[in-house]
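Step one of this worksheet: look at the structure below.
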Amino acid sequence: MEKELKLNTVTIKSGESFSNKLWVIIPAVLLLGLISVLIYNHHADFTWQGFLDGFNQEFLVFFFIGVFAQLVDGTLGMGYGATSTSFLLAYGVSPVVSSGGVHVAEMFTTGASAISHHKFGNINKKLVKNLLIPGVLGSITGAYLLSDVIDGDVIKPFIAVYMIVLAIIIIRKALAKTIVKKKTKRLGVLATFGGFMDSVGGGGWGPIVTSTLLGRGRNPRYTIGSVNAAEFAVSFASGITFMLFGGIHGWQVIVGLILGGVIAAPLAAFLVNKIKRKPMMVAVGILIILLSLKTLSKLL
C-alpha cells in the first residue's frame with residue numbers, strides 16, 4: 001500500500017514537473033522555429049559587412065528603445081507597443097517600418113517576458129488559460145481585417161477614451177484604503193477584444209486586459225505576469241499574420257528592439273516582485289492617461 005502511494009506521488013510530481021517545463025519549452029521552441037524560418041526566408045538580405053555596419057549609433061538608439069519599452073511593459077503589464085512606436089516615430093522611422101518592426105520584435109520580447117515571469121513565479125496559470133485562446137483569435141481577426149478592411153486610426157480615439165476611463169478607476173482604487181476584489185466575468189470576451197484592438201490599433205492588449213483586471217481588484221503581480229504570459233501567444237499570432245500579409249522591413253530596428261527587450265525582460269519580471277502594490281497601480285494609471293492623451297492629441 002505504501003509502495004503504491006509513493007509511486008502515485010512520484011507520478012504526480014513528475015507530471016507537475018513536466019507541466020511546469022512546458023511553460024518554458026513551448027515559447028522557446030516557437031521562438032527557435034521563428035528564427036529558423038526568418039533566416040531561411042531572408043538570408044539573402046544579410047551580408048557579413050552589413051551585419052558589422054549595422055552596429056552603429058542608430059542601432060544603439062533602437063536597442064535602448066527596446067530596453068525601456070520592455071521595462072515599462074514587463075513591470076506595468078502594458079505599454080510596449082505604444083512606447084516603442086512613439087519613440088521610433090519621434091526618431092524619424094517611418095510608420096510602416098515602426099509598426100512591422102514592433103510586431104515582429106514583440107514576438108521575441110513577449111516570449112522572453114513569459115519565461116521570465118514564470119521563473120519568478122508571477123503567473124496564475126488558470127488566468128493565462130482563460131485569456132489565451134480568445135486573445136489569439138481576436139488578434140488574428142484584427143490583423144487580418146486591418147490588412148484589407150479597417151483603418152486602425154478611425155477607432156483609436158474610442159480606445160484612447162476607454163483607456164482613460166480605466167486609468168481613472170485604477171488610480172482611484174489604488175488610493176483607496178481597501179480594494180475589494182470582484183469576480184471578473186466574461187474573461188473570454190475581454191481577451192478577444194484586447195487581442196483584436198492590439199492588432200488593429202497597434203497596441204492595447206495590456207491597457208485593455210491588465211487595466212480591466214487591476215480595476216476589478218486583482219493582485220498586480222499575478223495579473224501582470226499572467227497577462228504578459230498570454231501576450232506571447234497573442235503577439236505571436238498577430239505577428240505571423242502581419243508577416244504573411246505585409247512582409248518584413250527595417251531589420252536594424254527589429255534586431256535592436258529584440259535584443260534590448262530580451263535583455264530587459266528578466267529585470268522587469270524581477271521588479272514586479274519588488275514594486276509595491278499602490279505605487280504600481282498609480283504608475284499604471286498615469287502611464288495609460290499619458291499615452292491615451294498623446295494618441296488623442298495626434299488624432300485631433
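Ordering of the C-alpha cells sets the chain letters (A, B, ...); residue numbers start at 1 within each chain; ligands are numbered from 1 in the order shown.
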
Neighbouring residues of Ala82 of chain A were defined as those with any atom within 12 Å, considering only C-alpha atoms; residues of the same chain fewer than 3 positions away were excluded. Please report them as a VMD selection string.
chain A and resid 65 to 66 68 to 70 72 to 73 78 to 79 85 to 89 98 to 99 102 to 103 106 156 160 198 201 to 207 287 to 288 290 to 295

Please, could you write that set of residues out with N, CA, C and O atoms as a short mmCIF file (atom, residue, chain, number, x, y, z; two decimals), in the first residue's frame?
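Contents of the output file again33.cif:
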```cif
data_model
loop_
_atom_site.label_atom_id
_atom_site.label_comp_id
_atom_site.auth_asym_id
_atom_site.auth_seq_id
_atom_site.Cartn_x
_atom_site.Cartn_y
_atom_site.Cartn_z
N ILE A 65 15.68 51.85 -26.93
CA ILE A 65 14.22 51.94 -27.01
C ILE A 65 13.60 50.60 -26.61
O ILE A 65 12.62 50.54 -25.87
N GLY A 66 14.20 49.50 -27.09
CA GLY A 66 13.73 48.17 -26.74
C GLY A 66 13.84 47.88 -25.26
O GLY A 66 12.95 47.29 -24.65
N PHE A 68 13.91 50.13 -22.72
CA PHE A 68 12.96 50.96 -21.97
C PHE A 68 11.53 50.46 -22.15
O PHE A 68 10.76 50.35 -21.17
N ALA A 69 11.15 50.16 -23.39
CA ALA A 69 9.78 49.70 -23.66
C ALA A 69 9.48 48.40 -22.93
O ALA A 69 8.38 48.22 -22.39
N GLN A 70 10.46 47.49 -22.87
CA GLN A 70 10.23 46.22 -22.19
C GLN A 70 10.17 46.39 -20.68
O GLN A 70 9.40 45.71 -19.99
N VAL A 72 8.98 49.01 -19.17
CA VAL A 72 7.63 49.54 -18.94
C VAL A 72 6.61 48.42 -19.01
O VAL A 72 5.77 48.25 -18.11
N ASP A 73 6.68 47.62 -20.06
CA ASP A 73 5.68 46.58 -20.28
C ASP A 73 5.80 45.46 -19.24
O ASP A 73 4.79 44.96 -18.73
N MET A 78 1.87 46.63 -19.54
CA MET A 78 1.33 47.30 -20.73
C MET A 78 2.33 48.34 -21.24
O MET A 78 3.27 48.70 -20.53
N GLY A 79 2.12 48.77 -22.47
CA GLY A 79 2.85 49.93 -22.96
C GLY A 79 4.00 49.66 -23.91
O GLY A 79 4.61 50.60 -24.41
N THR A 85 6.72 52.39 -30.35
CA THR A 85 6.28 53.04 -31.58
C THR A 85 6.41 54.56 -31.49
O THR A 85 6.84 55.22 -32.44
N SER A 86 6.04 55.12 -30.32
CA SER A 86 6.15 56.57 -30.14
C SER A 86 7.59 57.05 -30.28
O SER A 86 7.87 58.05 -30.93
N PHE A 87 8.51 56.32 -29.66
CA PHE A 87 9.92 56.69 -29.74
C PHE A 87 10.46 56.54 -31.16
O PHE A 87 11.23 57.39 -31.64
N LEU A 88 10.07 55.47 -31.84
CA LEU A 88 10.56 55.24 -33.20
C LEU A 88 10.07 56.32 -34.16
O LEU A 88 10.84 56.84 -34.98
N LEU A 89 8.80 56.67 -34.05
CA LEU A 89 8.24 57.72 -34.91
C LEU A 89 8.91 59.07 -34.61
O LEU A 89 9.21 59.84 -35.52
N SER A 98 8.05 51.09 -38.43
CA SER A 98 7.82 51.09 -36.98
C SER A 98 6.82 50.01 -36.59
O SER A 98 7.06 49.20 -35.69
N SER A 99 5.69 49.99 -37.29
CA SER A 99 4.63 49.03 -36.96
C SER A 99 5.10 47.59 -37.17
O SER A 99 4.94 46.74 -36.29
N VAL A 102 7.91 46.62 -34.60
CA VAL A 102 7.42 46.41 -33.23
C VAL A 102 6.67 45.09 -33.13
O VAL A 102 6.86 44.33 -32.16
N HIS A 103 5.85 44.75 -34.11
CA HIS A 103 5.09 43.50 -34.06
C HIS A 103 6.00 42.28 -34.11
O HIS A 103 5.79 41.30 -33.39
N GLU A 106 8.00 42.07 -30.82
CA GLU A 106 7.16 41.63 -29.70
C GLU A 106 7.04 40.12 -29.64
O GLU A 106 6.84 39.55 -28.55
N LYS A 156 -9.01 54.51 -33.06
CA LYS A 156 -8.08 54.84 -31.98
C LYS A 156 -8.65 55.83 -30.96
O LYS A 156 -8.40 55.69 -29.76
N ALA A 160 -8.73 55.09 -26.91
CA ALA A 160 -7.99 56.02 -26.05
C ALA A 160 -8.89 56.52 -24.91
O ALA A 160 -8.47 56.59 -23.75
N ASP A 198 -5.43 45.20 -30.06
CA ASP A 198 -3.97 45.22 -30.11
C ASP A 198 -3.48 45.14 -31.55
O ASP A 198 -2.54 45.84 -31.93
N GLY A 201 -5.25 48.50 -33.51
CA GLY A 201 -4.81 49.81 -33.07
C GLY A 201 -3.32 49.94 -32.84
O GLY A 201 -2.86 51.00 -32.43
N GLY A 202 -2.54 48.86 -33.05
CA GLY A 202 -1.11 48.92 -32.85
C GLY A 202 -0.72 48.84 -31.38
O GLY A 202 0.40 49.14 -31.00
N GLY A 203 -1.61 48.41 -30.53
CA GLY A 203 -1.37 48.29 -29.10
C GLY A 203 -2.70 48.28 -28.38
O GLY A 203 -3.69 48.78 -28.89
N GLY A 204 -2.72 47.69 -27.20
CA GLY A 204 -3.98 47.68 -26.46
C GLY A 204 -4.21 46.44 -25.63
O GLY A 204 -5.07 46.44 -24.75
N TRP A 205 -3.44 45.37 -25.87
CA TRP A 205 -3.63 44.16 -25.07
C TRP A 205 -3.42 44.44 -23.59
O TRP A 205 -4.27 44.17 -22.76
N GLY A 206 -2.29 45.05 -23.26
CA GLY A 206 -2.01 45.37 -21.87
C GLY A 206 -2.96 46.39 -21.28
O GLY A 206 -3.57 46.15 -20.23
N PRO A 207 -3.11 47.57 -21.94
CA PRO A 207 -4.01 48.58 -21.39
C PRO A 207 -5.45 48.09 -21.20
O PRO A 207 -6.11 48.47 -20.24
N LEU A 287 0.46 56.18 -16.67
CA LEU A 287 1.00 55.80 -17.98
C LEU A 287 -0.10 55.70 -19.03
O LEU A 287 0.03 56.23 -20.15
N ILE A 288 -1.21 55.07 -18.67
CA ILE A 288 -2.32 54.92 -19.62
C ILE A 288 -2.87 56.29 -20.01
O ILE A 288 -3.14 56.55 -21.19
N LEU A 290 -1.36 59.26 -19.98
CA LEU A 290 -0.40 59.99 -20.81
C LEU A 290 -0.38 59.46 -22.24
O LEU A 290 -0.41 60.24 -23.21
N LEU A 291 -0.34 58.14 -22.37
CA LEU A 291 -0.31 57.54 -23.71
C LEU A 291 -1.61 57.80 -24.46
O LEU A 291 -1.60 58.07 -25.67
N SER A 292 -2.72 57.74 -23.75
CA SER A 292 -4.02 57.96 -24.39
C SER A 292 -4.19 59.41 -24.82
O SER A 292 -4.71 59.70 -25.90
N LEU A 293 -3.78 60.35 -23.94
CA LEU A 293 -3.85 61.77 -24.31
C LEU A 293 -2.96 62.08 -25.50
O LEU A 293 -3.32 62.89 -26.36
N LYS A 294 -1.80 61.42 -25.54
CA LYS A 294 -0.90 61.62 -26.69
C LYS A 294 -1.56 61.13 -27.97
O LYS A 294 -1.47 61.77 -29.02
N THR A 295 -2.22 59.96 -27.87
CA THR A 295 -2.91 59.43 -29.05
C THR A 295 -4.02 60.37 -29.51
O THR A 295 -4.16 60.66 -30.70
#
```

Which of segment 42-238 of chain A end up as alpha helix (DSSP H) when DSSP is run on this backbone - answer as a PyMOL selection string?
chain A and resi 42+48-54+57-76+80-91+95-119+125-148+152-175+187-201+205+211-215+220-238

Go through A:Gly74, A:Gly260, A:Gly135, A:Gly215 and flag the residue nearest Ala191 of chain A, using only C-alpha atoms for the distances.
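Under the stated criterion, the closest residue is A:Gly135.
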
Do you have the atom CA of Val154 of chain A-atom CA of Leu296 of chain A distance handy?
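Separation between atom CA of Val154 of chain A and atom CA of Leu296 of chain A: 11.3 Å.
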
Counting only C-alpha atoms, which of A:Pro134, A:Gly256, A:Gly217, A:Gly111 gets nearest to Leu32 of chain A?
A:Gly111

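Take the candidates A:Val200, A:Leu213, A:Leu127, A:Val29 and check each one against Lys173 of chain A using only C-alpha atoms; the shortest distance goes to A:Leu213.
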
For each of A:Gly239, A:Gly261, A:Pro95, A:Gly81, take the minimum atom-to-atom distance to Phe63 of chain A, counting only C-alpha atoms, then give the residue where this is smallest.
A:Gly261
